[in-house]
>>> print(open('final.txt').read())   # compact mmCIF, C-alpha atoms
# COMPACT_ATOMS: atom_id res chain seq x y z
CA GLU N 1 78.02 -14.51 4.55
CA GLY N 2 74.23 -14.62 4.36
CA GLU N 3 71.45 -17.15 4.76
CA SER N 4 68.59 -16.05 2.51
CA GLY N 5 67.91 -19.67 1.52
CA SER N 6 69.40 -23.12 1.92
CA VAL N 7 72.37 -22.11 -0.24
CA VAL N 8 75.00 -20.25 1.82
CA VAL N 9 77.75 -18.11 0.27
CA GLN N 10 81.02 -17.41 2.08
CA THR N 11 83.51 -14.76 0.96
CA ALA N 12 86.75 -13.42 2.40
CA PRO N 13 86.52 -11.07 5.38
CA GLY N 14 88.36 -7.79 4.96
CA GLN N 15 89.92 -7.37 1.54
CA VAL N 16 92.24 -8.94 -1.01
CA VAL N 17 95.17 -6.89 -2.31
CA SER N 18 96.89 -6.86 -5.69
CA HIS N 19 98.73 -4.41 -7.96
CA ARG N 20 98.30 -3.24 -11.52
CA GLY N 21 99.23 -6.02 -13.93
CA GLY N 22 98.92 -8.70 -11.24
CA THR N 23 96.71 -11.76 -10.90
CA ILE N 24 94.32 -12.08 -7.96
CA VAL N 25 91.72 -14.57 -6.75
CA LEU N 26 88.44 -13.13 -5.45
CA PRO N 27 87.49 -15.89 -2.99
CA CYS N 28 83.93 -17.20 -2.86
CA ARG N 29 82.61 -20.60 -1.80
CA TYR N 30 79.11 -21.94 -1.27
CA HIS N 31 77.46 -24.89 0.41
CA TYR N 32 73.98 -26.11 1.23
CA GLU N 33 72.36 -26.38 4.63
CA ALA N 34 70.68 -29.57 3.39
CA ALA N 35 73.15 -32.22 2.24
CA ALA N 36 70.71 -33.54 -0.39
CA HIS N 37 71.42 -30.63 -2.73
CA GLY N 38 73.82 -31.13 -5.61
CA HIS N 39 75.86 -28.57 -7.53
CA ASP N 40 74.19 -29.10 -10.91
CA GLY N 41 72.16 -26.24 -12.36
CA VAL N 42 73.86 -23.62 -10.21
CA ARG N 43 74.29 -20.15 -11.66
CA LEU N 44 77.34 -18.21 -10.48
CA LYS N 45 77.36 -14.47 -11.10
CA TRP N 46 79.99 -11.86 -10.29
CA THR N 47 79.17 -8.16 -10.44
CA LYS N 48 81.04 -5.01 -9.46
CA VAL N 49 79.43 -2.39 -7.23
CA VAL N 50 79.71 0.96 -9.03
CA ASP N 51 77.24 2.85 -6.82
CA PRO N 52 75.36 1.83 -3.66
CA LEU N 53 72.45 0.57 -5.78
CA ALA N 54 74.17 0.04 -9.15
CA PHE N 55 76.12 -2.97 -10.39
CA THR N 56 78.00 -3.84 -13.57
CA ASP N 57 78.26 -7.43 -14.84
CA VAL N 58 81.67 -9.09 -14.58
CA PHE N 59 81.22 -12.84 -15.09
CA VAL N 60 78.42 -15.43 -15.30
CA ALA N 61 78.63 -19.23 -15.30
CA LEU N 62 75.82 -21.76 -15.72
CA GLY N 63 77.09 -25.30 -16.00
CA PRO N 64 79.66 -25.45 -18.81
CA GLN N 65 78.63 -22.05 -20.18
CA HIS N 66 80.86 -19.20 -19.01
CA ARG N 67 80.85 -15.56 -20.06
CA ALA N 68 82.89 -12.52 -19.04
CA PHE N 69 81.68 -9.00 -19.78
CA GLY N 70 83.20 -5.73 -20.96
CA SER N 71 86.77 -5.06 -19.90
CA TYR N 72 86.84 -8.39 -18.02
CA ARG N 73 86.72 -10.44 -21.22
CA GLY N 74 89.87 -12.51 -21.57
CA ARG N 75 90.90 -11.69 -17.98
CA ALA N 76 88.29 -13.34 -15.74
CA GLU N 77 87.67 -17.05 -15.19
CA LEU N 78 86.50 -19.37 -12.43
CA GLN N 79 89.15 -20.92 -10.23
CA GLY N 80 87.26 -24.23 -10.33
CA ASP N 81 88.82 -25.75 -7.23
CA GLY N 82 86.23 -28.47 -6.70
CA PRO N 83 82.49 -28.42 -5.90
CA GLY N 84 81.31 -25.31 -4.12
CA ASP N 85 84.12 -23.09 -5.39
CA ALA N 86 82.83 -19.91 -7.06
CA SER N 87 86.10 -17.98 -6.72
CA LEU N 88 87.00 -15.70 -9.61
CA VAL N 89 90.53 -15.42 -11.00
CA LEU N 90 91.24 -11.94 -12.36
CA ARG N 91 94.36 -11.47 -14.47
CA ASN N 92 96.19 -8.33 -15.63
CA VAL N 93 94.55 -6.24 -12.90
CA THR N 94 93.86 -2.62 -13.91
CA LEU N 95 93.39 0.54 -11.88
CA GLN N 96 89.69 0.45 -12.73
CA ASP N 97 89.33 -3.01 -11.13
CA TYR N 98 89.63 -1.49 -7.64
CA GLY N 99 86.41 -1.74 -5.65
CA ARG N 100 83.76 -4.08 -4.26
CA TYR N 101 82.52 -7.22 -5.99
CA GLU N 102 79.45 -9.35 -5.33
CA CYS N 103 79.48 -13.14 -5.71
CA GLU N 104 75.93 -14.45 -6.18
CA VAL N 105 74.96 -18.13 -6.26
CA THR N 106 71.50 -19.14 -7.49
CA ASN N 107 69.94 -22.61 -7.52
CA GLU N 108 66.31 -22.85 -8.66
CA LEU N 109 64.50 -20.40 -6.35
CA GLU N 110 67.24 -20.13 -3.75
CA ASP N 111 70.07 -17.63 -3.81
CA ASP N 112 72.65 -15.99 -1.60
CA ALA N 113 75.47 -13.51 -2.14
CA GLY N 114 78.64 -12.22 -0.51
CA MET N 115 80.97 -9.27 -1.02
CA VAL N 116 84.71 -9.16 -1.75
CA LYS N 117 86.74 -5.95 -1.69
CA LEU N 118 89.69 -5.67 -4.09
CA ASP N 119 92.33 -3.16 -3.00
CA LEU N 120 95.42 -2.12 -4.96
CA GLU N 121 98.92 -1.33 -3.82
CA GLY N 122 99.81 2.15 -5.00
CA VAL N 123 100.13 5.81 -4.16
CA VAL N 124 97.78 8.78 -3.83
CA PHE N 125 99.10 12.11 -5.09
CA PRO N 126 97.58 15.61 -5.34
CA TYR N 127 97.36 17.24 -8.75
CA HIS N 128 96.60 20.70 -10.10
CA PRO N 129 97.24 22.06 -13.62
CA ARG N 130 99.96 24.54 -14.47
CA GLY N 131 97.39 27.30 -14.69
CA GLY N 132 96.92 27.29 -10.93
CA ARG N 133 94.86 25.72 -8.20
CA TYR N 134 91.13 25.08 -8.12
CA LYS N 135 90.77 24.95 -11.91
CA LEU N 136 89.21 21.51 -12.44
CA THR N 137 85.61 20.39 -12.71
CA PHE N 138 84.95 16.76 -11.76
CA ALA N 139 85.17 15.57 -15.39
CA GLU N 140 88.36 17.57 -15.94
CA ALA N 141 89.84 16.03 -12.78
CA GLN N 142 89.08 12.55 -14.12
CA ARG N 143 90.85 13.35 -17.40
CA ALA N 144 93.78 14.97 -15.59
CA CYS N 145 94.39 11.85 -13.49
CA ALA N 146 94.18 9.66 -16.59
CA GLU N 147 96.82 11.86 -18.25
CA GLN N 148 99.03 11.23 -15.19
CA ASP N 149 98.63 7.45 -15.64
CA GLY N 150 96.14 7.25 -12.79
CA ILE N 151 92.51 7.52 -11.75
CA LEU N 152 90.74 9.65 -9.17
CA ALA N 153 91.45 8.26 -5.71
CA SER N 154 88.68 6.87 -3.54
CA ALA N 155 87.85 8.31 -0.13
CA GLU N 156 89.27 5.15 1.46
CA GLN N 157 92.54 5.52 -0.47
CA LEU N 158 92.87 9.16 0.57
CA HIS N 159 92.22 8.26 4.21
CA ALA N 160 94.89 5.54 4.04
CA ALA N 161 97.33 8.06 2.52
CA TRP N 162 96.54 10.48 5.36
CA ARG N 163 97.33 7.73 7.89
CA ASP N 164 100.65 7.27 6.08
CA GLY N 165 101.46 10.97 6.48
CA LEU N 166 100.00 12.77 3.45
CA ASP N 167 99.48 16.45 4.30
CA TRP N 168 97.99 18.73 1.64
CA CYS N 169 96.23 22.02 2.17
CA ASN N 170 94.19 22.20 -1.05
CA ALA N 171 90.87 20.43 -1.51
CA GLY N 172 90.55 17.98 -4.39
CA TRP N 173 87.99 15.82 -6.16
CA LEU N 174 87.66 12.13 -5.27
CA ARG N 175 86.14 9.30 -7.28
CA ASP N 176 82.74 9.48 -5.57
CA GLY N 177 82.30 13.18 -6.40
CA SER N 178 83.19 14.43 -2.94
CA VAL N 179 85.87 17.05 -2.24
CA GLN N 180 88.32 16.44 0.61
CA TYR N 181 91.88 17.11 1.74
CA PRO N 182 94.22 15.45 4.29
CA VAL N 183 95.87 17.40 7.12
CA ASN N 184 98.51 15.96 9.43
CA ARG N 185 99.85 19.34 10.61
CA PRO N 186 96.89 21.67 11.25
CA ARG N 187 97.75 25.35 10.71
CA GLU N 188 96.00 28.47 9.52
CA PRO N 189 94.24 28.32 7.15
CA CYS N 190 94.84 24.61 6.60
CA GLY N 191 92.65 22.68 9.00
CA GLY N 192 93.68 24.64 12.08
CA LEU N 193 91.35 26.42 14.46
CA GLY N 194 89.30 28.81 12.40
CA GLY N 195 90.12 26.95 9.15
CA THR N 196 87.46 26.33 6.52
CA GLY N 197 85.82 23.07 5.63
CA SER N 198 83.94 20.53 7.67
CA THR N 199 85.62 17.77 9.58
CA GLY N 200 85.73 14.34 7.98
CA ASP N 201 86.74 10.91 9.23
CA GLY N 202 89.40 11.36 11.88
CA GLY N 203 89.41 15.12 11.40
CA ASP N 204 89.74 17.58 14.29
CA ALA N 205 92.18 20.24 15.47
CA THR N 206 94.87 17.58 15.70
CA GLY N 207 94.58 16.59 12.04
CA GLY N 208 92.44 14.42 9.81
CA VAL N 209 90.72 14.33 6.45
CA ARG N 210 88.63 17.47 5.88
CA ASN N 211 85.48 16.82 3.89
CA TYR N 212 83.55 19.42 1.87
CA GLY N 213 80.95 16.79 0.96
CA TYR N 214 79.53 16.14 -2.50
CA ARG N 215 79.85 19.17 -4.79
CA HIS N 216 78.31 20.38 -8.07
CA ASN N 217 80.69 18.49 -10.30
CA ALA N 218 79.94 20.44 -13.48
CA GLU N 219 80.18 23.89 -11.91
CA GLU N 220 82.58 23.97 -8.97
CA ARG N 221 86.34 23.70 -9.45
CA TYR N 222 88.97 22.15 -7.22
CA ASP N 223 92.23 20.23 -7.50
CA ALA N 224 92.34 16.43 -7.77
CA PHE N 225 93.65 13.53 -5.73
CA CYS N 226 94.84 10.82 -8.10
CA PHE N 227 95.80 7.20 -7.48
CA THR N 228 98.20 5.03 -9.44
CA SER N 229 99.68 1.57 -9.03
CA ASN N 230 103.06 0.65 -10.47
CA LEU N 231 103.40 -2.19 -12.93
CA PRO N 232 105.58 -5.05 -11.66
CA GLY N 233 109.22 -5.18 -12.72
>>> encode(input="final.txt", output="structure tokens")
Amino acid sequence: EGESGSVVVQTAPGQVVSHRGGTIVLPCRYHYEAAAHGHDGVRLKWTKVVDPLAFTDVFVALGPQHRAFGSYRGRAELQGDGPGDASLVLRNVTLQDYGRYECEVTNELEDDAGMVKLDLEGVVFPYHPRGGRYKLTFAEAQRACAEQDGILASAEQLHAAWRDGLDWCNAGWLRDGSVQYPVNRPREPCGGLGGTGSTGDGGDATGGVRNYGYRHNAEERYDAFCFTSNLPG
């Protein structure tokens, strides 16, 4: 929630969770600090955060005119639950829909925005080709996960998998271009004393996610950590 003007946007704390093929509501409501304002002439815009300073358009509404963009066409629409509701209904959720979304409300010269995080139920799994370990550039890791009906896992998804017990001694690419691996049972040379790799979130001699940082994605080669979400049924 923010207060950059007299229009105030409120979104859900934490995150909303769905699965591939499901339908989810990204909650967003707005109101005015001054009761004299109406809801006519309000522009509602949803974007997805693809990088810290980069966004891709998802959906825009201005009065009766509505438009969805790209892969969201035919899948995204406003919930329309009365005045002040800017919530977005997203149908047939895909693996690529995972991430953070911004709900922006603009009225004349006033605007405010809030964030909603969409998480997916699914599983993280390590992958390496038959030819051996540490054979994949970043682009090759992306293609390999797609061939396994998945996408590269995010750092948050890998950390959640580590909390659930994932233990894997080989470093792999993640969606943000970093290289990490989860260790629940430190041992030589896998995250134990004297092991290689820097310590990541929760990482120490008792276990954690080891983080090699952001690597040269066209030159260096590692394994991959993929994520997939089962279709219902």
>>> closest_residue(input="final.txt", among="N:Ile151, N:Cys28, N:Val60, N:Ala54", to="Val116 (chain N)", atoms="only C-alpha atoms")
N:Cys28
>>> residues_around(input="final.txt", residues="Leu152 (chain N)", least_positions_apart="5", cutoff="7 Å", atoms="all atoms listed in the file", output="list in words")
Gln142, Cys145, Leu174, Arg175, Phe225, Cys226 and Phe227 of chain N
>>> closest_residue(input="final.txt", among="N:Phe69, N:Tyr101, N:Tyr222, N:Tyr214", to="Ala12 (chain N)", atoms="all atoms listed in the file")
N:Tyr101
>>> atom_distance(input="final.txt", atom1="CA of His66 (chain N)", atom2="CA of Val89 (chain N)")
13.1 Å
>>> closest_residue(input="final.txt", among="N:Val58, N:Val50, N:Ala224, N:Val124", to="Cys103 (chain N)", atoms="all atoms listed in the file")
N:Val58
>>> axis_aligned_box(input="final.txt", around="region 19-24 of chain N", padding_each_side="5 Å", output="JSON")
{"center_x": 96.8, "center_y": -7.7, "center_z": -10.9, "size_x": 14.9, "size_y": 18.8, "size_z": 16.0}
>>> closest_residue(input="final.txt", among="N:Leu158, N:Val49, N:Leu44, N:Val25", to="Arg67 (chain N)", atoms="all atoms listed in the file")
N:Leu44
>>> atom_distance(input="final.txt", atom1="CA of Asn170 (chain N)", atom2="CA of Gly131 (chain N)")
14.9 Å
>>> atom_distance(input="final.txt", atom1="CA of Val183 (chain N)", atom2="CA of Thr94 (chain N)")
29.1 Å
>>> residues_around(input="final.txt", residues="Leu78 (chain N)", least_positions_apart="2", cutoff="9 Å", atoms="all atoms listed in the file", output="PyMOL selection string")
chain N and resi 59+61+66+76+80-81+85-90
>>> closest_residue(input="final.txt", among="N:Gly165, N:Gly82, N:Gly172, N:Pro13", to="Pro126 (chain N)", atoms="all atoms listed in the file")
N:Gly172
>>> closest_residue(input="final.txt", among="N:Leu109, N:Ala68, N:Leu166, N:Leu95", to="Val7 (chain N)", atoms="all atoms listed in the file")
N:Leu109
>>> decode(input="final.txt", residues="region 92-130 of chain N", atoms="N, CA and C atoms", output="PDB file, in the first residue's frame")
ATOM      1  N   ASN N  92      -6.181 -20.213 -16.716  1.00  0.00           N
ATOM      2  CA  ASN N  92      -5.232 -21.119 -17.368  1.00  0.00           C
ATOM      3  C   ASN N  92      -3.796 -20.700 -17.061  1.00  0.00           C
ATOM      4  N   VAL N  93      -3.488 -20.629 -15.776  1.00  0.00           N
ATOM      5  CA  VAL N  93      -2.178 -20.176 -15.307  1.00  0.00           C
ATOM      6  C   VAL N  93      -1.067 -21.038 -15.906  1.00  0.00           C
ATOM      7  N   THR N  94       0.010 -20.388 -16.348  1.00  0.00           N
ATOM      8  CA  THR N  94       1.154 -21.084 -16.928  1.00  0.00           C
ATOM      9  C   THR N  94       2.360 -20.982 -16.000  1.00  0.00           C
ATOM     10  N   LEU N  95       3.380 -21.778 -16.282  1.00  0.00           N
ATOM     11  CA  LEU N  95       4.608 -21.703 -15.494  1.00  0.00           C
ATOM     12  C   LEU N  95       5.230 -20.315 -15.586  1.00  0.00           C
ATOM     13  N   GLN N  96       5.111 -19.696 -16.752  1.00  0.00           N
ATOM     14  CA  GLN N  96       5.723 -18.385 -16.959  1.00  0.00           C
ATOM     15  C   GLN N  96       4.999 -17.272 -16.204  1.00  0.00           C
ATOM     16  N   ASP N  97       3.795 -17.544 -15.692  1.00  0.00           N
ATOM     17  CA  ASP N  97       3.050 -16.517 -14.957  1.00  0.00           C
ATOM     18  C   ASP N  97       3.618 -16.273 -13.562  1.00  0.00           C
ATOM     19  N   TYR N  98       4.428 -17.189 -13.063  1.00  0.00           N
ATOM     20  CA  TYR N  98       5.022 -17.030 -11.732  1.00  0.00           C
ATOM     21  C   TYR N  98       5.769 -15.703 -11.643  1.00  0.00           C
ATOM     22  N   GLY N  99       5.610 -15.005 -10.514  1.00  0.00           N
ATOM     23  CA  GLY N  99       6.387 -13.784 -10.316  1.00  0.00           C
ATOM     24  C   GLY N  99       5.594 -12.687  -9.634  1.00  0.00           C
ATOM     25  N   ARG N 100       6.112 -11.462  -9.751  1.00  0.00           N
ATOM     26  CA  ARG N 100       5.539 -10.294  -9.088  1.00  0.00           C
ATOM     27  C   ARG N 100       4.815  -9.413 -10.100  1.00  0.00           C
ATOM     28  N   TYR N 101       3.636  -8.931  -9.685  1.00  0.00           N
ATOM     29  CA  TYR N 101       2.801  -8.093 -10.539  1.00  0.00           C
ATOM     30  C   TYR N 101       2.533  -6.764  -9.842  1.00  0.00           C
ATOM     31  N   GLU N 102       2.465  -5.701 -10.649  1.00  0.00           N
ATOM     32  CA  GLU N 102       2.147  -4.381 -10.117  1.00  0.00           C
ATOM     33  C   GLU N 102       0.770  -3.953 -10.592  1.00  0.00           C
ATOM     34  N   CYS N 103      -0.050  -3.516  -9.650  1.00  0.00           N
ATOM     35  CA  CYS N 103      -1.369  -2.945  -9.933  1.00  0.00           C
ATOM     36  C   CYS N 103      -1.259  -1.432  -9.768  1.00  0.00           C
ATOM     37  N   GLU N 104      -1.462  -0.688 -10.849  1.00  0.00           N
ATOM     38  CA  GLU N 104      -1.336   0.767 -10.821  1.00  0.00           C
ATOM     39  C   GLU N 104      -2.682   1.403 -11.140  1.00  0.00           C
ATOM     40  N   VAL N 105      -3.072   2.372 -10.337  1.00  0.00           N
ATOM     41  CA  VAL N 105      -4.324   3.102 -10.531  1.00  0.00           C
ATOM     42  C   VAL N 105      -3.988   4.573 -10.746  1.00  0.00           C
ATOM     43  N   THR N 106      -4.493   5.144 -11.846  1.00  0.00           N
ATOM     44  CA  THR N 106      -4.199   6.531 -12.193  1.00  0.00           C
ATOM     45  C   THR N 106      -5.501   7.285 -12.415  1.00  0.00           C
ATOM     46  N   ASN N 107      -5.621   8.461 -11.797  1.00  0.00           N
ATOM     47  CA  ASN N 107      -6.768   9.334 -11.993  1.00  0.00           C
ATOM     48  C   ASN N 107      -6.241  10.747 -12.166  1.00  0.00           C
ATOM     49  N   GLU N 108      -6.390  11.293 -13.374  1.00  0.00           N
ATOM     50  CA  GLU N 108      -5.869  12.615 -13.698  1.00  0.00           C
ATOM     51  C   GLU N 108      -4.371  12.646 -13.387  1.00  0.00           C
ATOM     52  N   LEU N 109      -3.933  13.441 -12.426  1.00  0.00           N
ATOM     53  CA  LEU N 109      -2.508  13.539 -12.121  1.00  0.00           C
ATOM     54  C   LEU N 109      -2.114  12.734 -10.897  1.00  0.00           C
ATOM     55  N   GLU N 110      -3.031  11.967 -10.359  1.00  0.00           N
ATOM     56  CA  GLU N 110      -2.760  11.201  -9.147  1.00  0.00           C
ATOM     57  C   GLU N 110      -2.634   9.727  -9.486  1.00  0.00           C
ATOM     58  N   ASP N 111      -1.714   9.049  -8.831  1.00  0.00           N
ATOM     59  CA  ASP N 111      -1.560   7.618  -9.076  1.00  0.00           C
ATOM     60  C   ASP N 111      -0.968   6.949  -7.844  1.00  0.00           C
ATOM     61  N   ASP N 112      -1.184   5.660  -7.760  1.00  0.00           N
ATOM     62  CA  ASP N 112      -0.583   4.844  -6.714  1.00  0.00           C
ATOM     63  C   ASP N 112      -0.510   3.419  -7.243  1.00  0.00           C
ATOM     64  N   ALA N 113       0.314   2.593  -6.625  1.00  0.00           N
ATOM     65  CA  ALA N 113       0.508   1.231  -7.106  1.00  0.00           C
ATOM     66  C   ALA N 113       0.795   0.307  -5.937  1.00  0.00           C
ATOM     67  N   GLY N 114       0.520  -0.963  -6.140  1.00  0.00           N
ATOM     68  CA  GLY N 114       0.822  -1.996  -5.152  1.00  0.00           C
ATOM     69  C   GLY N 114       1.285  -3.256  -5.850  1.00  0.00           C
ATOM     70  N   MET N 115       1.957  -4.123  -5.113  1.00  0.00           N
ATOM     71  CA  MET N 115       2.525  -5.349  -5.668  1.00  0.00           C
ATOM     72  C   MET N 115       1.765  -6.582  -5.182  1.00  0.00           C
ATOM     73  N   VAL N 116       1.653  -7.569  -6.068  1.00  0.00           N
ATOM     74  CA  VAL N 116       1.086  -8.874  -5.737  1.00  0.00           C
ATOM     75  C   VAL N 116       2.057  -9.939  -6.236  1.00  0.00           C
ATOM     76  N   LYS N 117       2.372 -10.906  -5.388  1.00  0.00           N
ATOM     77  CA  LYS N 117       3.250 -12.000  -5.794  1.00  0.00           C
ATOM     78  C   LYS N 117       2.421 -13.246  -6.072  1.00  0.00           C
ATOM     79  N   LEU N 118       2.601 -13.807  -7.272  1.00  0.00           N
ATOM     80  CA  LEU N 118       1.926 -15.047  -7.653  1.00  0.00           C
ATOM     81  C   LEU N 118       2.917 -16.200  -7.540  1.00  0.00           C
ATOM     82  N   ASP N 119       2.610 -17.144  -6.666  1.00  0.00           N
ATOM     83  CA  ASP N 119       3.435 -18.341  -6.502  1.00  0.00           C
ATOM     84  C   ASP N 119       2.685 -19.531  -7.088  1.00  0.00           C
ATOM     85  N   LEU N 120       3.428 -20.571  -7.439  1.00  0.00           N
ATOM     86  CA  LEU N 120       2.836 -21.773  -8.017  1.00  0.00           C
ATOM     87  C   LEU N 120       3.181 -22.992  -7.176  1.00  0.00           C
ATOM     88  N   GLU N 121       2.205 -23.869  -7.013  1.00  0.00           N
ATOM     89  CA  GLU N 121       2.476 -25.164  -6.412  1.00  0.00           C
ATOM     90  C   GLU N 121       3.246 -26.002  -7.427  1.00  0.00           C
ATOM     91  N   GLY N 122       4.282 -26.680  -6.976  1.00  0.00           N
ATOM     92  CA  GLY N 122       5.060 -27.481  -7.910  1.00  0.00           C
ATOM     93  C   GLY N 122       6.285 -28.062  -7.247  1.00  0.00           C
ATOM     94  N   VAL N 123       7.241 -28.468  -8.069  1.00  0.00           N
ATOM     95  CA  VAL N 123       8.430 -29.144  -7.562  1.00  0.00           C
ATOM     96  C   VAL N 123       9.662 -28.618  -8.280  1.00  0.00           C
ATOM     97  N   VAL N 124      10.753 -28.484  -7.531  1.00  0.00           N
ATOM     98  CA  VAL N 124      12.065 -28.140  -8.083  1.00  0.00           C
ATOM     99  C   VAL N 124      12.869 -29.430  -8.228  1.00  0.00           C
ATOM    100  N   PHE N 125      13.524 -29.599  -9.376  1.00  0.00           N
ATOM    101  CA  PHE N 125      14.337 -30.803  -9.565  1.00  0.00           C
ATOM    102  C   PHE N 125      15.630 -30.444 -10.292  1.00  0.00           C
ATOM    103  N   PRO N 126      16.743 -31.073  -9.899  1.00  0.00           N
ATOM    104  CA  PRO N 126      18.017 -30.829 -10.585  1.00  0.00           C
ATOM    105  C   PRO N 126      18.054 -31.571 -11.913  1.00  0.00           C
ATOM    106  N   TYR N 127      18.784 -31.001 -12.868  1.00  0.00           N
ATOM    107  CA  TYR N 127      18.885 -31.639 -14.181  1.00  0.00           C
ATOM    108  C   TYR N 127      20.298 -31.472 -14.731  1.00  0.00           C
ATOM    109  N   HIS N 128      20.814 -32.546 -15.332  1.00  0.00           N
ATOM    110  CA  HIS N 128      22.034 -32.464 -16.133  1.00  0.00           C
ATOM    111  C   HIS N 128      21.873 -33.409 -17.315  1.00  0.00           C
ATOM    112  N   PRO N 129      22.480 -33.105 -18.458  1.00  0.00           N
ATOM    113  CA  PRO N 129      22.317 -33.950 -19.647  1.00  0.00           C
ATOM    114  C   PRO N 129      23.053 -35.274 -19.495  1.00  0.00           C
ATOM    115  N   ARG N 130      22.762 -36.183 -20.403  1.00  0.00           N
ATOM    116  CA  ARG N 130      23.379 -37.509 -20.352  1.00  0.00           C
ATOM    117  C   ARG N 130      24.892 -37.442 -20.509  1.00  0.00           C
TER     118      ARG N 130
END
